[in-house]
Amino acid sequence: MKRFFATSAVAVASLVATAAIAGPTLDQVKKRGQLVCGSNPGLAGFGLPDDKGAWTGYDVDFCRAMAATIFNDPTKVRFVPLTAKDRFTALQSGEIDVLSRNTTWTQSREVGQGFEFGPVTYYDGQGFMVRKKLNVSSALELTGASVCVQQGTTTELNLADFFRTHDMKYESVVFATSDEAIKAYDTGRCDAFTTDMSQLYAERTKLGNPEDHVVLPEVISKEPLGPAVRQGDDQWFNIVKWTHYAMLIAEELNVTSKNVDDKLKDPNPEIKRLLGTEGNFGEGLGLTQDWAYRIIKAVGNYGEVFDRNLGDGSKLKIKRGINALWTAKGLQYAPPIR
Amino acid sequence: MTAATREAPRPKIWNDPFWRGLILQAALTIAVVALVWFAASNAVENMHKRGIPTDFSFWNKPASFDINQTLIPYSATSPNSQVFWVGLVNTLLVAGLGIVFSTFIGFAVGAARLSTNWLVARLATIYVEGIRNVPLLLQIIFWYNVVLGSLPNPRNAAPLLDLVFLANRGLFVPAPVFKPGFGAVWIALAVGVAGALAFRRWAARRQRETGAQAPVGWTMAALVVGPPLLVFFAEGMPLGWDIPKLKGFNFAGGQRLSPEFVALLLALTLYTAAFIAEIVRSGIRAVNKGQSEAAAALGLRAGPTRKLVIMPQAMRVIIPPLINQYLNLTKNSTLAVAIGYPDLFNVFAGTTLNNTGAAVQIIFMTMAFYLAVSLVTSAVMNAYNSRMSLKER
């Protein structure tokens, strides 16, 4: 129902609005004094309000980093929880400034629906979770299984591809929200639950007894997750890109939220350019000279953010894997600041 | 009054009620058309600006997702158009069966509320008041999560004679397998039905002309059942049963009714039946008591009184609100989205819309479908109503 209203809202909005949203998003955000960020309504590790209503998570921290670099205050951000089906409508209609909600970058979303995807903040892939007592050790043994999946995701499409490729029969049981899907799996409506690997680990913590469930080894798709913005505002798109890159470069140079003040005196020219003690690289972005310093001071470098929300510092204990820096045989790589 | 009747002066055009009405209506029509045109062209322009598709090219593109209940051929490689038809058939299935079952239950409960048996009447009252005062969405969730969700998994399913299995994956029943030669049985059935109808006409005419009654019910039953049964045995029983068997995770073979379908059908049927029961009760109570007293005075027994005197008059009161209930049931079937039953609204206006981004086109098509179904339903029922209505002779 919720999606229906959202869709109607877009229909009505496009009926009455006389001009598409134009003009630099940065000016609007500054005037508003607040960044509006589309977030997951509840996914441990990525976007989840805690018991005091404060948002936490990996995608949430990305928006806090943007708020920090714009306002020098990571709290100047309002989070709008969105379901998978509503998220693009919210971005299209201008309800949010940036969508940071474990969203997969695909060709049709970028070309067909008018979005621009920032750098990949998390390289993910789709997997399956089953009950241990089924004694299944591979996704290829899932012939005839019922699989719970969330509607309107790339996951739903990959699922169909996987079983078609391997010529296996199955039943897809589709729910509008992730919560409904995981609940149906928990009550036994499905043999398997499928979504992105990172999300599988996160959802497993919500189950009655997490130890009874096992994530199968197969990764059946590429899921590059990253923030998305509307096409047509290059300045805003650059800020999104360089927010991520600043955090990556900081990790590469071993600059953390704890030692960043000491590093201001560091003679290393790369660090000087990052922290704005040499040159003014923030100006071109429409930001201040200490734009990257603000990010690192407020939320930390990429490694810190990962560790705090997903890695050893969190309940999920996800390994860095391909999300390690390129220097550690991972895929995370940032262009240099110069 | 000296002068003869003077011709009334022609009023000014803006004082002439005829012209004034015409001009105002024309202006209103133009304004409405202009408003619609402005809104539509504005929407198309804005959608273009934002890169949202405005054409119907999505219709033939592959859907790339699976649906777990398809009565017509469908696979992930089928085009989006096939999603529309699959969803449409699923909607019609649950709405059609819901209308049939809720009518039977509604008439039974409505009659039961008027029963002279204290217990039967009270039970019917409890049913009606209990069901119709709880929101439908809540009832759907109740059947799906509480009742069907607590069933055992297939490996521990409750068997009934090892033929029917009830599990949290649905209800599994044996499916008939028609072997060659079964076609003759269908033909025999058609002949039997035709014969039964012909007999009823003949018996009715004979009764009108001579007053002699024939055992119509029994003869018709024999004519419908007899010939197919004879042919069935003569052909050597060309019918097998595909019995569901546990295979891997789930039952294979047989016919499966998914829990989503069962929950939705149950909730829609029971909910609408409560309203139909009240309509039936009001219809029967609307027939003057003198009618049944007159029938009794003529020597008619209770059964024929109900069939020939009460119901024909009650139906005139029952049918118009009954149409509303049928329309409500059809429209309420969109609540399927809450439990993931793949009806039109869920798969087409849900998944396809999300995958293609063609929101405006898809929402309009879906609305047009529900509008068409509702209009056809009320046209059929109105035709039936005019047949049943009072004939002045």
# chains A, B, ... in the order shown; residues from 1 in each chain; ligands from 1
call {"tool": "select_by_dssp", "arguments": {"residues": "segment 154-306 of chain A", "states": "alpha helix (DSSP H)", "output": "short mmCIF file (atom, residue, chain, number, x, y, z; two decimals) with C-alpha atoms, in the first residue's frame"}}
result
data_model
loop_
_atom_site.label_atom_id
_atom_site.label_comp_id
_atom_site.auth_asym_id
_atom_site.auth_seq_id
_atom_site.Cartn_x
_atom_site.Cartn_y
_atom_site.Cartn_z
CA THR A 154 18.10 -7.10 -8.10
CA THR A 155 18.07 -10.12 -5.79
CA GLU A 156 14.69 -11.22 -7.13
CA LEU A 157 16.00 -11.11 -10.70
CA ASN A 158 19.31 -12.87 -9.91
CA LEU A 159 17.38 -15.62 -8.17
CA ALA A 160 15.43 -16.34 -11.35
CA ASP A 161 18.66 -16.26 -13.38
CA PHE A 162 20.47 -18.64 -11.06
CA PHE A 163 17.83 -21.36 -11.09
CA ARG A 164 17.28 -20.96 -14.83
CA THR A 165 21.02 -21.24 -15.57
CA SER A 178 12.76 -7.51 3.91
CA ASP A 179 11.19 -7.96 7.35
CA GLU A 180 8.23 -9.90 5.91
CA ALA A 181 10.56 -12.08 3.86
CA ILE A 182 12.84 -12.97 6.77
CA LYS A 183 9.82 -13.60 9.00
CA ALA A 184 8.32 -15.99 6.46
CA TYR A 185 11.65 -17.80 6.29
CA ASP A 186 11.80 -17.97 10.08
CA MET A 197 25.80 -11.63 1.55
CA SER A 198 26.31 -8.71 3.94
CA GLN A 199 22.57 -8.52 4.52
CA LEU A 200 22.35 -12.27 5.14
CA TYR A 201 24.77 -11.90 8.06
CA ALA A 202 22.84 -8.90 9.32
CA GLU A 203 19.41 -10.58 9.05
CA ARG A 204 20.72 -13.73 10.68
CA ASP A 234 27.90 17.39 -11.37
CA GLN A 235 29.03 19.41 -8.36
CA TRP A 236 26.81 17.38 -6.05
CA PHE A 237 27.93 14.14 -7.69
CA ASN A 238 31.57 15.15 -7.14
CA ILE A 239 30.97 15.74 -3.43
CA VAL A 240 29.47 12.24 -3.14
CA LYS A 241 32.43 10.70 -4.95
CA TRP A 242 35.13 12.54 -3.04
CA THR A 243 33.54 11.94 0.34
CA HIS A 244 34.18 8.25 -0.25
CA TYR A 245 37.61 8.79 -1.77
CA ALA A 246 38.76 10.99 1.12
CA MET A 247 37.95 8.18 3.54
CA LEU A 248 39.84 5.68 1.37
CA ILE A 249 42.92 7.88 1.02
CA ALA A 250 42.90 8.51 4.76
CA GLU A 251 43.04 4.78 5.40
CA GLU A 252 45.78 4.38 2.82
CA VAL A 260 44.16 13.30 12.50
CA ASP A 261 45.06 16.34 14.63
CA ASP A 262 48.66 15.14 14.96
CA LYS A 263 48.79 14.40 11.24
CA PRO A 269 52.83 15.98 0.94
CA GLU A 270 49.98 13.51 0.26
CA ILE A 271 48.72 13.93 3.81
CA LYS A 272 49.15 17.70 3.56
CA ARG A 273 47.01 17.81 0.43
CA LEU A 274 44.37 15.54 1.99
CA LEU A 275 44.05 17.58 5.16
CA TRP A 291 36.79 19.40 3.76
CA ALA A 292 38.53 16.03 4.17
CA TYR A 293 39.78 16.78 7.68
CA ARG A 294 36.17 17.32 8.76
CA ILE A 295 35.15 13.89 7.41
CA ILE A 296 38.00 12.03 9.08
CA LYS A 297 37.59 13.89 12.36
CA ALA A 298 33.84 13.19 12.49
CA TYR A 302 37.12 3.88 5.49
CA GLY A 303 38.66 1.13 7.60
CA GLU A 304 37.33 2.63 10.82
CA VAL A 305 33.81 2.98 9.41
CA PHE A 306 33.87 -0.59 8.11
#
call {"tool": "interface_residues", "arguments": {"of": "chain B", "to": "chain A", "cutoff": "7 Å", "atoms": "only C-alpha atoms", "output": "JSON, numbers by chain"}}
result
{"B": [39, 40, 42, 43, 46, 47, 49, 50, 51, 52, 64, 65, 66, 67, 68, 76, 149, 153, 168, 169, 248, 249, 250, 339, 340, 351, 354, 355, 357, 359, 360]}
call {"tool": "residues_around", "arguments": {"residues": "Ser314 of chain A", "least_positions_apart": "3", "cutoff": "12 Å", "atoms": "only C-alpha atoms", "output": "number ranges by chain"}}
result
A: 44-46, 56-58, 201-202, 205, 304-311, 317-319
call {"tool": "write_last_selection", "arguments": {"atoms": "C-alpha atoms", "output": "mmCIF file, in the first residue's frame"}}
result
data_model
loop_
_atom_site.group_PDB
_atom_site.id
_atom_site.type_symbol
_atom_site.label_atom_id
_atom_site.label_comp_id
_atom_site.auth_asym_id
_atom_site.auth_seq_id
_atom_site.Cartn_x
_atom_site.Cartn_y
_atom_site.Cartn_z
ATOM 1 C CA ALA A 44 21.764 -4.042 11.036
ATOM 2 C CA GLY A 45 25.210 -2.765 10.093
ATOM 3 C CA PHE A 46 23.968 -0.541 7.246
ATOM 4 C CA THR A 56 23.670 3.965 12.988
ATOM 5 C CA GLY A 57 25.311 1.960 10.242
ATOM 6 C CA TYR A 58 27.670 1.931 7.322
ATOM 7 C CA TYR A 201 24.772 -11.903 8.060
ATOM 8 C CA ALA A 202 22.838 -8.902 9.316
ATOM 9 C CA THR A 205 21.218 -11.809 13.903
ATOM 10 C CA GLU A 304 37.333 2.629 10.822
ATOM 11 C CA VAL A 305 33.807 2.979 9.413
ATOM 12 C CA PHE A 306 33.867 -0.590 8.113
ATOM 13 C CA ASP A 307 35.187 -2.031 11.331
ATOM 14 C CA ARG A 308 32.765 -0.120 13.538
ATOM 15 C CA ASN A 309 29.635 -1.092 11.580
ATOM 16 C CA LEU A 310 30.370 -4.372 9.825
ATOM 17 C CA GLY A 311 33.729 -5.732 10.899
ATOM 18 C CA LYS A 317 32.074 -9.701 12.101
ATOM 19 C CA ILE A 318 32.206 -9.468 8.311
ATOM 20 C CA LYS A 319 35.723 -9.849 6.831
#
call {"tool": "select_by_dssp", "arguments": {"residues": "segment 77-315 of chain B", "states": "strand (DSSP E)", "output": "PyMOL selection string"}}
result
chain B and resi 158-160+164-167+170-173+175-178+239-242+245-247+250-252+255-257
call {"tool": "residues_around", "arguments": {"residues": "segment 187-197 of chain B", "least_positions_apart": "3", "cutoff": "7 Å", "atoms": "only C-alpha atoms", "output": "VMD selection string"}}
result
chain B and resid 183 to 184 200 to 201 220 223 to 224 227 to 228 231
call {"tool": "write_last_selection", "arguments": {"atoms": "C-alpha atoms", "output": "mmCIF file, in the first residue's frame"}}
result
data_model
loop_
_atom_site.group_PDB
_atom_site.id
_atom_site.type_symbol
_atom_site.label_atom_id
_atom_site.label_comp_id
_atom_site.auth_asym_id
_atom_site.auth_seq_id
_atom_site.Cartn_x
_atom_site.Cartn_y
_atom_site.Cartn_z
ATOM 1 C CA GLY B 183 -12.976 -37.534 -23.790
ATOM 2 C CA ALA B 184 -16.012 -39.781 -24.275
ATOM 3 C CA ARG B 200 -37.274 -30.372 -16.863
ATOM 4 C CA ARG B 201 -38.866 -28.334 -19.629
ATOM 5 C CA MET B 220 -32.388 -34.968 -13.518
ATOM 6 C CA LEU B 223 -29.608 -38.227 -16.217
ATOM 7 C CA VAL B 224 -26.556 -36.139 -15.297
ATOM 8 C CA PRO B 227 -24.434 -41.674 -18.760
ATOM 9 C CA PRO B 228 -20.911 -40.458 -17.827
ATOM 10 C CA VAL B 231 -19.206 -44.606 -20.407
#
call {"tool": "residues_around", "arguments": {"residues": "Ala228 of chain A", "least_positions_apart": "6", "cutoff": "9 Å", "atoms": "only C-alpha atoms", "output": "ChimeraX atom specification"}}
result
/A:91,98-101,103,105,110,115-118,237,240
call {"tool": "atom_distance", "arguments": {"atom1": "atom CA of Leu239 of chain B", "atom2": "atom CA of Leu93 of chain B"}}
result
25.6 Å
call {"tool": "atom_distance", "arguments": {"atom1": "atom CA of Val134 of chain B", "atom2": "atom CA of Ile105 of chain B"}}
result
18.1 Å
call {"tool": "residues_around", "arguments": {"residues": "Met311 of chain B", "least_positions_apart": "4", "cutoff": "12 Å", "atoms": "only C-alpha atoms", "output": "list in words"}}
result
Phe107, Ala111, Val280, Arg281, Ser282, Gly283, Ile284, Arg285, Ala286, Val287, Asn288, Gln291, Ser292, Gly303, Pro304, Thr305, Arg306, Lys307, Met315, Arg316, Val317, Ile318, Ile319, Met388 and Ser389 of chain B
call {"tool": "atom_distance", "arguments": {"atom1": "atom CA of Ala214 of chain B", "atom2": "atom CA of Arg387 of chain B"}}
result
26.3 Å
call {"tool": "closest_residue", "arguments": {"among": "B:Val94, B:Leu28, B:Leu230, B:Ala124", "to": "Leu264 of chain B", "atoms": "only C-alpha atoms"}}
result
B:Val94
